[in-house]
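Engineer: start.txt is reproduced in full below (compact mmCIF, C-alpha atoms).
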# COMPACT_ATOMS: atom_id res chain seq x y z
CA MET A 1 -3.98 19.42 32.68
CA ALA A 2 -2.91 22.81 31.40
CA GLU A 3 -4.32 23.73 28.01
CA LEU A 4 -1.62 23.55 25.37
CA ALA A 5 -1.86 25.15 21.95
CA ALA A 6 -1.90 22.61 19.14
CA ASP A 7 0.83 22.63 16.49
CA LYS A 8 -1.20 20.48 14.12
CA PHE A 9 -4.82 19.40 13.81
CA ILE A 10 -6.40 16.39 12.10
CA ASP A 11 -9.98 15.18 11.97
CA ILE A 12 -10.03 11.41 11.69
CA SER A 13 -13.57 10.94 12.94
CA GLY A 14 -14.44 9.22 9.66
CA GLU A 15 -11.73 6.59 10.13
CA VAL A 16 -11.44 3.33 12.01
CA CYS A 17 -8.48 1.04 12.72
CA PRO A 18 -5.94 0.69 11.35
CA MET A 19 -6.25 3.95 9.35
CA SER A 20 -7.07 6.00 12.47
CA PHE A 21 -3.75 5.02 13.99
CA VAL A 22 -1.74 5.27 10.77
CA LEU A 23 -3.01 8.81 10.12
CA THR A 24 -2.24 9.78 13.71
CA LYS A 25 1.30 8.40 13.35
CA LEU A 26 1.85 10.23 10.03
CA ALA A 27 0.68 13.48 11.61
CA LEU A 28 3.04 12.97 14.56
CA ASP A 29 5.90 12.36 12.11
CA GLU A 30 5.56 15.97 10.99
CA LEU A 31 6.05 17.29 14.51
CA GLU A 32 9.10 17.75 16.70
CA ASP A 33 9.34 16.12 20.12
CA GLY A 34 7.29 18.07 22.62
CA GLN A 35 4.97 19.57 19.99
CA VAL A 36 1.25 18.95 20.24
CA LEU A 37 -1.13 17.20 17.85
CA GLU A 38 -4.83 17.82 18.22
CA LEU A 39 -7.18 15.26 16.72
CA ILE A 40 -10.82 14.34 16.61
CA CYS A 41 -11.70 10.65 16.53
CA GLN A 42 -14.72 8.44 17.09
CA ALA A 43 -15.65 7.06 20.49
CA GLY A 44 -15.35 3.32 21.03
CA ASP A 45 -12.60 1.37 19.26
CA PRO A 46 -10.77 4.32 17.64
CA VAL A 47 -10.31 6.34 20.85
CA ARG A 48 -9.58 3.17 22.78
CA ASN A 49 -6.91 1.95 20.38
CA ILE A 50 -5.35 5.35 19.74
CA SER A 51 -5.01 5.93 23.49
CA ILE A 52 -3.45 2.52 24.13
CA GLN A 53 -1.11 2.63 21.16
CA LEU A 54 0.11 6.19 21.72
CA LYS A 55 0.87 5.43 25.36
CA ASP A 56 2.71 2.24 24.32
CA GLU A 57 4.87 4.28 21.97
CA GLY A 58 5.81 6.90 24.53
CA HIS A 59 3.54 9.81 23.53
CA MET A 60 1.40 11.61 26.08
CA ILE A 61 -2.28 12.42 25.90
CA VAL A 62 -2.42 15.79 27.60
CA SER A 63 -6.04 16.70 27.06
CA VAL A 64 -9.25 14.79 26.42
CA LYS A 65 -12.60 16.37 25.59
CA LYS A 66 -15.83 14.78 24.60
CA GLU A 67 -17.58 16.62 21.78
CA ALA A 68 -21.32 17.20 21.64
CA ASP A 69 -21.60 14.65 18.81
CA GLY A 70 -19.91 11.96 20.93
CA ASN A 71 -16.51 12.16 19.24
CA PHE A 72 -13.32 12.67 21.24
CA ARG A 73 -10.95 15.61 20.87
CA LEU A 74 -7.48 14.62 22.05
CA LYS A 75 -4.29 16.63 22.42
CA ILE A 76 -1.17 14.53 22.14
CA LYS A 77 2.32 15.65 23.08
CA LYS A 78 4.90 13.94 20.89
CA ASN A 79 7.28 11.85 22.97
CA GLY A 80 6.00 13.68 26.04
CA MET B 1 12.69 -45.44 27.74
CA GLY B 2 12.61 -47.67 30.82
CA ASP B 3 10.83 -44.89 32.60
CA THR B 4 8.07 -44.79 30.02
CA VAL B 5 7.50 -48.52 30.31
CA THR B 6 7.22 -48.37 34.10
CA LYS B 7 4.71 -45.55 33.90
CA LYS B 8 2.63 -47.50 31.41
CA LYS B 9 2.41 -50.47 33.74
CA LYS B 10 1.60 -48.34 36.71
CA LEU B 11 -1.17 -46.52 34.89
CA LYS B 12 -2.85 -49.74 33.76
CA ILE B 13 -3.96 -48.19 30.54
CA SER B 14 -4.88 -50.74 27.94
CA VAL B 15 -2.40 -50.63 25.10
CA ASP B 16 -4.80 -51.44 22.31
CA HIS B 17 -6.83 -48.29 22.77
CA ASN B 18 -4.19 -46.32 21.04
CA LEU B 19 -3.72 -46.74 17.34
CA GLU B 20 -0.63 -44.54 17.16
CA GLU B 21 1.08 -46.55 19.84
CA ARG B 22 0.53 -49.85 18.04
CA THR B 23 1.80 -48.29 14.85
CA ILE B 24 4.96 -47.19 16.58
CA LYS B 25 5.63 -50.73 17.79
CA ARG B 26 5.70 -51.86 14.20
CA ILE B 27 7.98 -49.04 13.19
CA GLU B 28 10.43 -49.96 15.86
CA VAL B 29 10.99 -53.41 14.38
CA ASN B 30 11.17 -52.24 10.80
CA ALA B 31 13.44 -49.35 11.57
CA GLU B 32 15.90 -51.61 13.31
CA VAL B 33 15.96 -54.00 10.39
CA SER B 34 15.94 -51.73 7.43
CA GLY B 35 16.68 -48.21 8.69
CA LYS B 36 19.36 -46.40 6.80
CA LYS B 37 21.38 -45.76 9.98
CA PRO B 38 22.87 -48.55 12.04
CA VAL B 39 20.73 -49.89 14.87
CA GLY B 40 21.08 -47.84 18.05
CA LYS B 41 21.30 -44.51 16.31
CA ILE B 42 17.56 -43.98 16.51
CA ASN B 43 16.26 -42.79 19.83
CA PHE B 44 13.29 -45.05 20.43
CA ALA B 45 12.23 -43.12 23.50
CA GLU B 46 11.64 -40.20 21.14
CA LEU B 47 9.75 -42.37 18.70
CA ARG B 48 7.57 -43.65 21.52
CA ALA B 49 6.50 -40.11 22.34
CA GLY B 50 4.71 -40.25 19.02
CA GLY B 51 4.66 -37.57 16.38
CA PHE B 52 4.72 -40.11 13.55
CA ILE B 53 1.23 -40.37 12.18
CA LYS B 54 0.13 -42.97 9.66
CA GLN B 55 -1.21 -41.58 6.40
CA ARG B 56 -3.66 -43.13 3.96
CA GLN B 57 -0.81 -43.83 1.59
CA LYS B 58 1.07 -47.11 2.03
CA ASP B 59 4.28 -46.76 4.08
CA LYS B 60 3.82 -42.99 4.36
CA PHE B 61 3.71 -41.05 7.59
CA THR B 62 3.23 -37.46 8.64
CA VAL B 63 6.03 -36.35 10.92
CA ARG B 64 4.86 -33.75 13.41
CA LEU B 65 7.50 -31.29 14.61
CA LYS B 66 7.86 -29.63 17.98
CA CYS B 67 7.04 -25.94 17.67
CA PRO B 68 6.16 -24.77 21.21
CA GLY B 69 3.96 -21.70 20.99
CA GLY B 70 4.12 -21.89 17.20
CA SER B 71 7.60 -20.37 17.21
CA MET B 72 10.12 -21.18 14.53
CA THR B 73 13.68 -19.96 14.11
CA LEU B 74 15.20 -19.46 10.68
CA ASP B 75 17.84 -22.07 11.47
CA ARG B 76 15.28 -24.75 12.19
CA LEU B 77 13.12 -23.72 9.25
CA LYS B 78 16.04 -24.08 6.83
CA LYS B 79 16.76 -27.55 8.18
CA ILE B 80 13.10 -28.50 7.89
CA VAL B 81 13.11 -27.40 4.25
CA GLU B 82 16.19 -29.54 3.69
CA ALA B 83 14.45 -32.51 5.35
CA VAL B 84 11.30 -32.05 3.26
CA GLU B 85 13.41 -31.99 0.11
CA GLN B 86 15.22 -35.17 1.05
CA PHE B 87 12.63 -37.23 2.89
CA GLY B 88 9.21 -35.58 2.47
CA GLY B 89 6.84 -35.31 -0.42
CA GLY B 90 7.58 -31.66 -1.07
CA GLN B 91 4.79 -30.52 1.21
CA LEU B 92 4.43 -29.10 4.71
CA HIS B 93 1.24 -28.80 6.69
CA LEU B 94 0.53 -26.43 9.57
CA SER B 95 -1.32 -28.48 12.18
CA THR B 96 -4.32 -27.14 14.08
CA ARG B 97 -2.04 -26.86 17.12
CA GLN B 98 0.79 -24.77 15.67
CA SER B 99 3.06 -27.65 14.66
CA MET B 100 4.75 -27.97 11.31
CA GLU B 101 4.19 -31.39 9.83
CA ILE B 102 6.32 -32.99 7.14
CA LEU B 103 4.02 -35.00 4.89
CA HIS B 104 4.61 -38.22 2.98
CA VAL B 105 7.66 -39.53 4.87
CA ASP B 106 8.51 -43.19 4.22
CA TYR B 107 8.90 -44.87 7.60
CA HIS B 108 12.23 -46.36 6.56
CA ASN B 109 13.59 -42.81 6.67
CA PHE B 110 12.58 -42.00 10.25
CA GLY B 111 16.11 -42.48 11.59
CA PRO B 112 18.02 -40.29 9.13
CA LEU B 113 15.21 -37.70 9.16
CA VAL B 114 15.35 -37.36 12.94
CA GLU B 115 19.15 -37.12 12.80
CA MET B 116 19.02 -34.39 10.16
CA LEU B 117 16.50 -32.32 12.10
CA LYS B 118 18.62 -32.63 15.23
CA GLU B 119 21.43 -30.73 13.49
CA SER B 120 19.32 -27.62 14.09
CA SER B 121 17.85 -28.83 17.38
CA GLN B 122 14.50 -29.48 15.74
CA GLU B 123 12.69 -32.27 17.55
CA VAL B 124 9.68 -34.40 16.72
CA ALA B 125 6.44 -33.67 18.59
CA SER B 126 3.98 -36.16 20.04
CA CYS B 127 0.62 -37.75 19.46
CA GLY B 128 -1.42 -40.23 21.49
CA PRO B 129 -2.14 -40.26 25.23
CA ARG B 130 0.51 -37.94 26.55
CA VAL B 131 1.38 -34.34 27.27
CA ARG B 132 1.48 -32.52 23.93
CA VAL B 133 3.48 -29.49 22.84
CA PRO B 134 1.85 -26.39 24.35
CA ASN B 135 0.19 -23.76 22.20
CA ALA B 136 0.65 -20.07 22.77
CA CYS B 137 -0.22 -16.72 21.24
CA GLY B 138 2.41 -14.01 20.82
CA GLY B 139 1.91 -12.92 24.43
CA CYS B 140 3.55 -9.84 25.87
CA SER B 141 6.78 -10.29 23.91
CA TYR B 142 5.29 -8.60 20.86
CA ASN B 143 1.49 -8.57 20.96
CA PRO B 144 0.23 -5.24 22.37
CA ASN B 145 -2.63 -6.96 24.21
CA GLY B 146 -0.36 -9.54 25.84
CA ILE B 147 -0.19 -9.47 29.63
CA THR B 148 1.82 -12.65 30.23
CA ASP B 149 4.89 -14.08 28.50
CA THR B 150 3.11 -17.00 26.86
CA GLN B 151 5.99 -17.77 24.52
CA LYS B 152 8.41 -18.23 27.40
CA MET B 153 5.83 -20.32 29.25
CA ALA B 154 5.29 -22.58 26.23
CA GLU B 155 9.03 -23.12 25.96
CA THR B 156 9.70 -23.92 29.63
CA VAL B 157 6.53 -25.94 30.17
CA ASN B 158 7.35 -27.98 27.07
CA GLU B 159 10.83 -28.73 28.41
CA LYS B 160 9.46 -29.86 31.75
CA PHE B 161 6.35 -31.81 30.85
CA PHE B 162 6.47 -32.82 27.18
CA GLY B 163 5.64 -36.45 26.39
CA MET B 164 4.62 -37.51 29.91
CA ARG B 165 2.16 -40.40 29.85
CA THR B 166 -1.43 -39.55 30.66
CA ASN B 167 -4.70 -41.43 30.25
CA HIS B 168 -5.60 -39.52 27.14
CA LYS B 169 -4.13 -36.63 25.21
CA PHE B 170 -3.28 -33.65 27.39
CA LYS B 171 -3.24 -30.31 25.61
CA MET B 172 -2.11 -27.05 27.10
CA SER B 173 -2.70 -23.61 25.65
CA PHE B 174 -1.47 -20.23 26.84
CA SER B 175 -3.22 -16.98 25.96
CA GLY B 176 -1.66 -13.67 26.88
CA CYS B 177 -4.97 -11.91 27.51
CA PRO B 178 -8.70 -12.66 27.84
CA HIS B 179 -9.22 -12.43 24.08
CA ASP B 180 -8.05 -16.04 24.34
CA CYS B 181 -7.08 -16.27 20.68
CA ILE B 182 -5.42 -19.62 21.35
CA HIS B 183 -8.63 -21.16 22.72
CA ALA B 184 -7.22 -21.90 26.18
CA ALA B 185 -10.81 -22.28 27.38
CA SER B 186 -11.11 -25.49 25.37
CA ALA B 187 -7.76 -26.95 26.36
CA ASP B 188 -7.20 -29.61 29.03
CA LEU B 189 -5.20 -26.94 30.81
CA GLY B 190 -5.26 -23.29 29.83
CA LEU B 191 -3.50 -20.24 31.17
CA ILE B 192 -4.91 -16.84 30.32
CA GLY B 193 -3.15 -13.57 31.11
CA ALA B 194 -5.13 -11.39 33.51
CA VAL B 195 -4.82 -8.04 35.29
CA TRP B 196 -6.85 -6.82 38.22
CA PRO B 197 -7.17 -3.04 37.73
CA VAL B 198 -6.92 -0.60 40.60
CA TRP B 199 -7.99 3.05 40.34
CA GLU B 200 -6.52 6.05 42.13
CA GLU B 201 -8.77 9.09 42.32
CA ALA B 202 -6.12 11.77 42.95
CA SER B 203 -4.50 11.58 39.52
CA CYS B 204 -7.76 11.04 37.58
CA THR B 205 -8.91 13.93 35.38
CA GLY B 206 -12.28 12.38 34.52
CA CYS B 207 -11.38 12.19 30.82
CA THR B 208 -13.65 9.10 30.33
CA ILE B 209 -11.21 7.26 28.05
CA CYS B 210 -11.25 4.24 30.37
CA ALA B 211 -15.00 3.90 29.90
CA SER B 212 -14.44 3.94 26.15
CA ALA B 213 -11.58 1.46 26.47
CA CYS B 214 -13.63 -1.02 28.48
CA THR B 215 -15.59 -3.22 26.11
CA GLU B 216 -17.26 -5.15 28.94
CA GLY B 217 -19.26 -2.30 30.39
CA ALA B 218 -17.37 -2.71 33.66
CA ILE B 219 -16.48 1.00 33.66
CA GLU B 220 -19.10 3.72 33.32
CA SER B 221 -18.26 7.40 33.52
CA HIS B 222 -19.89 9.45 36.24
CA PRO B 223 -22.27 11.86 34.43
CA GLU B 224 -20.90 14.93 36.22
CA THR B 225 -17.26 14.24 37.06
CA GLY B 226 -16.46 11.83 34.22
CA LYS B 227 -14.66 9.66 36.74
CA PRO B 228 -15.01 5.89 36.47
CA VAL B 229 -17.66 3.86 38.25
CA PHE B 230 -16.29 0.33 38.34
CA ASP B 231 -18.43 -2.84 38.32
CA ALA B 232 -15.99 -5.54 39.40
CA ASP B 233 -18.36 -8.37 38.42
CA LYS B 234 -18.19 -7.38 34.78
CA CYS B 235 -14.39 -7.02 34.65
CA LEU B 236 -12.67 -9.58 32.41
CA TYR B 237 -9.12 -8.60 33.55
CA CYS B 238 -8.01 -7.48 30.07
CA ASP B 239 -5.86 -4.51 31.18
CA ASP B 240 -7.33 -2.16 28.55
CA CYS B 241 -8.28 0.51 31.12
CA VAL B 242 -4.75 0.46 32.55
CA ARG B 243 -3.15 0.74 29.14
CA ALA B 244 -5.48 3.45 27.84
CA CYS B 245 -5.47 5.73 30.90
CA PRO B 246 -3.53 8.91 29.96
CA THR B 247 -2.67 9.74 33.57
CA SER B 248 -1.97 6.21 34.84
CA SER B 249 -4.74 6.48 37.41
CA TRP B 250 -5.58 2.89 36.59
CA THR B 251 -2.75 0.51 37.47
CA ALA B 252 -2.32 -3.26 37.66
CA GLY B 253 -3.15 -4.30 41.21
CA LYS B 254 -2.67 -7.99 40.52
CA SER B 255 -1.34 -9.61 37.39
CA GLY B 256 -0.66 -13.16 36.22
CA HIS B 257 -2.24 -16.27 34.70
CA ASN B 258 -5.81 -17.40 35.22
CA LEU B 259 -5.84 -21.20 35.31
CA ARG B 260 -8.52 -23.09 33.40
CA VAL B 261 -8.81 -26.86 33.57
CA GLY B 262 -10.73 -29.66 31.94
CA GLY B 263 -11.66 -28.31 28.53
CA HIS B 264 -11.39 -30.02 25.18
CA HIS B 265 -12.86 -29.90 21.73
CA GLY B 266 -13.70 -32.89 19.58
CA ARG B 267 -16.76 -35.11 19.37
CA HIS B 268 -18.02 -34.11 22.80
CA PRO B 269 -16.62 -30.66 23.50
CA VAL B 270 -16.20 -29.55 27.09
CA ASN B 271 -15.79 -26.02 28.35
CA SER B 272 -13.06 -25.73 30.97
CA THR B 273 -13.50 -24.15 34.36
CA ILE B 274 -11.49 -21.44 36.11
CA ALA B 275 -9.66 -22.96 39.06
CA ALA B 276 -7.22 -20.24 40.10
CA ARG B 277 -6.46 -16.60 39.38
CA PHE B 278 -3.42 -14.34 38.97
CA LEU B 279 -0.77 -17.06 39.22
CA SER B 280 2.87 -16.11 38.78
CA ASP B 281 4.91 -18.03 36.18
CA GLU B 282 6.31 -20.24 38.95
CA GLU B 283 2.89 -20.88 40.47
CA ALA B 284 1.53 -21.68 37.01
CA GLU B 285 4.27 -24.27 36.50
CA ALA B 286 3.57 -25.77 39.93
CA ALA B 287 -0.13 -25.91 39.06
CA ILE B 288 0.62 -27.67 35.77
CA GLY B 289 2.84 -30.22 37.51
CA ALA B 290 0.18 -30.86 40.15
CA THR B 291 -2.57 -31.18 37.54
CA ILE B 292 -0.65 -33.75 35.48
CA ALA B 293 0.32 -35.73 38.58
CA TRP B 294 -3.27 -35.70 39.84
CA TYR B 295 -4.59 -36.72 36.40
CA GLN B 296 -2.18 -39.67 36.24
CA LYS B 297 -3.12 -40.84 39.73
CA ALA B 298 -6.86 -40.23 39.63
CA GLY B 299 -7.06 -41.72 36.15
CA GLU B 300 -5.44 -44.97 37.18
CA GLY B 301 -7.43 -47.92 35.83
CA LYS B 302 -9.92 -45.59 34.13
CA GLY B 303 -8.57 -46.02 30.60
CA ARG B 304 -8.87 -43.41 27.89
CA ILE B 305 -10.50 -40.49 29.67
CA ARG B 306 -9.83 -36.78 29.22
CA LEU B 307 -9.11 -34.62 32.26
CA GLY B 308 -12.43 -32.76 31.91
CA ASN B 309 -14.49 -35.94 31.86
CA LEU B 310 -12.62 -37.19 34.91
CA LEU B 311 -13.26 -33.93 36.75
CA MET B 312 -16.97 -34.24 35.98
CA GLN B 313 -17.16 -37.48 37.96
CA GLU B 314 -18.44 -37.46 41.53
CA GLY B 315 -15.88 -36.23 44.05
CA GLN B 316 -13.07 -35.76 41.55
CA MET B 317 -13.15 -31.95 41.35
CA GLU B 318 -12.83 -31.78 45.14
CA SER B 319 -9.92 -34.20 45.06
CA TYR B 320 -8.23 -32.19 42.30
CA LEU B 321 -8.62 -28.91 44.14
CA GLU B 322 -6.96 -30.46 47.18
CA ALA B 323 -3.97 -31.40 45.05
CA LEU B 324 -3.94 -27.96 43.45
CA THR B 325 -4.10 -26.24 46.84
CA GLU B 326 -1.14 -28.30 47.97
CA ALA B 327 0.86 -26.96 45.02
CA ILE B 328 -0.09 -23.27 45.00
CA GLY B 329 -1.72 -22.62 48.38
CA PRO B 330 -5.37 -21.64 48.97
CA GLU B 331 -5.13 -17.85 48.39
CA LYS B 332 -5.30 -17.89 44.62
CA LEU B 333 -8.02 -20.48 44.14
CA ALA B 334 -10.94 -19.03 42.20
CA GLU B 335 -14.20 -18.28 43.96
CA ASP B 336 -17.17 -20.62 43.40
CA ILE B 337 -15.36 -23.19 41.23
CA GLN B 338 -17.65 -25.13 38.89
CA ARG B 339 -17.02 -28.45 37.20
CA PRO B 340 -16.11 -28.35 33.52
CA HIS B 341 -19.31 -28.71 31.51
CA LYS B 342 -20.28 -30.23 28.20
CA ILE B 343 -21.07 -27.94 25.34
CA THR B 344 -24.27 -29.11 23.70
CA ILE B 345 -23.97 -29.73 20.00
CA ARG B 346 -26.62 -30.65 17.48
CA ARG B 347 -26.18 -33.98 15.87
Could the structure of this file be written out as structure tokens, please?
Structural biologist:
Amino acid sequence: MAELAADKFIDISGEVCPMSFVLTKLALDELEDGQVLELICQAGDPVRNISIQLKDEGHMIVSVKKEADGNFRLKIKKNG
Amino acid sequence: MGDTVTKKKKLKISVDHNLEERTIKRIEVNAEVSGKKPVGKINFAELRAGGFIKQRQKDKFTVRLKCPGGSMTLDRLKKIVEAVEQFGGGQLHLSTRQSMEILHVDYHNFGPLVEMLKESSQEVASCGPRVRVPNACGGCSYNPNGITDTQKMAETVNEKFFGMRTNHKFKMSFSGCPHDCIHAASADLGLIGAVWPVWEEASCTGCTICASACTEGAIESHPETGKPVFDADKCLYCDDCVRACPTSSWTAGKSGHNLRVGGHHGRHPVNSTIAARFLSDEEAEAAIGATIAWYQKAGEGKGRIRLGNLLMQEGQMESYLEALTEAIGPEKLAEDIQRPHKITIRR
């Protein structure tokens, strides 16, 4: 995966479902198709659900990194 | 109607074991004498399938409505409201198995009530020793976890098998995924959506999301590459790895219904057993048909016995699996099939 620059960044590592997904959706609303959202979320349920739901809705996770504290840093291409 | 009578004789099930059935016999006479519609307008075959349940209150019955999979259209709902206003006591109840029930119906009104509901194709459900209306979760039609189309299955299975005579009640439940929200594991026959995941290394980036997605510990990430290490024995076939994988390295190798048989709740709950895996919709229907036919035949002369209790008897599981194999072939039978087993409860 080529590294893409993020157009927007949110840290939702303090959130769980459904807020983690709602905040991700609201952030994506502010972007144009093809733009990239970078977010940090918790491991476990949040990263699991965000990944499944974003894929279901036609967005593309283009980069996944595990942070030192165990959180996930995702880059998501809107309607990629 | 004639058909039902023949089956009853053939099955040699004692009539007096079933309270609902005796009640219905009485209704038949009364309805013909004092029903508000002329005699012949009431379909007694429908009445015989049950769904009219005696209440504590004198002359009052609960009328259970067919709602396969718990689905309800606005058309039918409006008609039900109309029927409650005219014939019910102003109250509906949602049964434990997804049926709407009209409370406090005077049995004299059965005929006109049934006719009114028919205007919106709403039918009455069943009770007693027969195939009941199947339960189902939302399934893949709108639930994100759904693997199989449980709603469609509930509809078609209901059309094919509803009301058939069996030794005891026969309840079917369809869950779209292994969460099994509809408790298919404690149904006489349960279908649970299942996916066998297959991983392709070439497209995998080692992002580790699949390990996070798997709540069963069936996928661990390799400490250096991040790529999945899969423990097939722990996999519950939920499809989460496939759905979460950003690069579609995980795909559905096999997909379909896992078949569970012989469960029930109640006074002596029994946990069902997995008999077959990854059945297509057609195979699932064939399996259901074979299970009911086997139950009717093997239960002959055995009275009021649930499928699970029958399967626990010596030699019966083997006989059932033969019948099942005849219907769906040997390939999809589960490995190491156990008998259903009793769940111990404290008294």
Engineer: Could you please select, counting only C-alpha atoms, the residues of chain B within 10 Å of chain A and state them as a list in words?
Structural biologist: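 Here is what falls inside 10 Å: Pro144, Asn145, Thr205, Gly206, Cys207, Thr208, Ile209, Cys210, Ala211, Ser212, Ala213, Cys214, Thr215, Asp240, Cys241, Val242, Arg243, Ala244, Cys245, Pro246, Thr247 and Ser248 of chain B.
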Engineer: Residues of the last selection are to be written out with C-alpha atoms, as a CSV table (one decimal), in the frame of the given file.
Structural biologist:
chain,number,residue,atom,x,y,z
B,144,PRO,CA,0.2,-5.2,22.4
B,145,ASN,CA,-2.6,-7.0,24.2
B,205,THR,CA,-8.9,13.9,35.4
B,206,GLY,CA,-12.3,12.4,34.5
B,207,CYS,CA,-11.4,12.2,30.8
B,208,THR,CA,-13.6,9.1,30.3
B,209,ILE,CA,-11.2,7.3,28.0
B,210,CYS,CA,-11.2,4.2,30.4
B,211,ALA,CA,-15.0,3.9,29.9
B,212,SER,CA,-14.4,3.9,26.2
B,213,ALA,CA,-11.6,1.5,26.5
B,214,CYS,CA,-13.6,-1.0,28.5
B,215,THR,CA,-15.6,-3.2,26.1
B,240,ASP,CA,-7.3,-2.2,28.6
B,241,CYS,CA,-8.3,0.5,31.1
B,242,VAL,CA,-4.8,0.5,32.6
B,243,ARG,CA,-3.2,0.7,29.1
B,244,ALA,CA,-5.5,3.4,27.8
B,245,CYS,CA,-5.5,5.7,30.9
B,246,PRO,CA,-3.5,8.9,30.0
B,247,THR,CA,-2.7,9.7,33.6
B,248,SER,CA,-2.0,6.2,34.8
Engineer: Quick one, how far is atom CA of B:Ala284 from atom CA of B:His257?
Structural biologist: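 Pair atom CA of B:Ala284 / atom CA of B:His257 returns 7.0 Å.
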Engineer: Tell me, as a PyMOL selection string, which residues lie within 8 Å of B:Cys238, counting all atoms listed in the file; anything in the same chain fewer than 2 positions away does not count.
Structural biologist: chain B and resi 145+177-179+193-195+235-236+240
Engineer: Under the rule that only C-alpha atoms are counted, which of A:Leu31, A:Glu57, A:Ile40, A:Asn79 is the nearest residue to A:Gly14?
Structural biologist: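 With only C-alpha atoms as the atom set, the closest residue is A:Ile40.
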Engineer: To one decimal place in Å, what is the distance between atom CA of B:Ser272 and atom CA of B:Met172?
Structural biologist: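 Result for atom CA of B:Ser272 versus atom CA of B:Met172: 11.7 Å, one decimal.
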Engineer: So what do you get for atom CA of B:His168 versus atom CA of B:Ile274, distance-wise?
Structural biologist: 21.0 Å
Engineer: With distances taken over only C-alpha atoms, which of B:Met164, B:Ala286, B:Ile80, B:Met116 is nearest to B:Gly128?
Structural biologist: B:Met164
Engineer: Extract, using all atoms listed in the file, all DNA, RNA and protein residues at most 10 Å from B:Leu65, discarding same-chain residues fewer than 6 positions from it, and format them as JSON, numbers by chain.
Structural biologist: {"B": [51, 52, 80, 94, 95, 98, 99, 100, 101, 102, 117, 122, 123, 124, 125, 126, 133]}
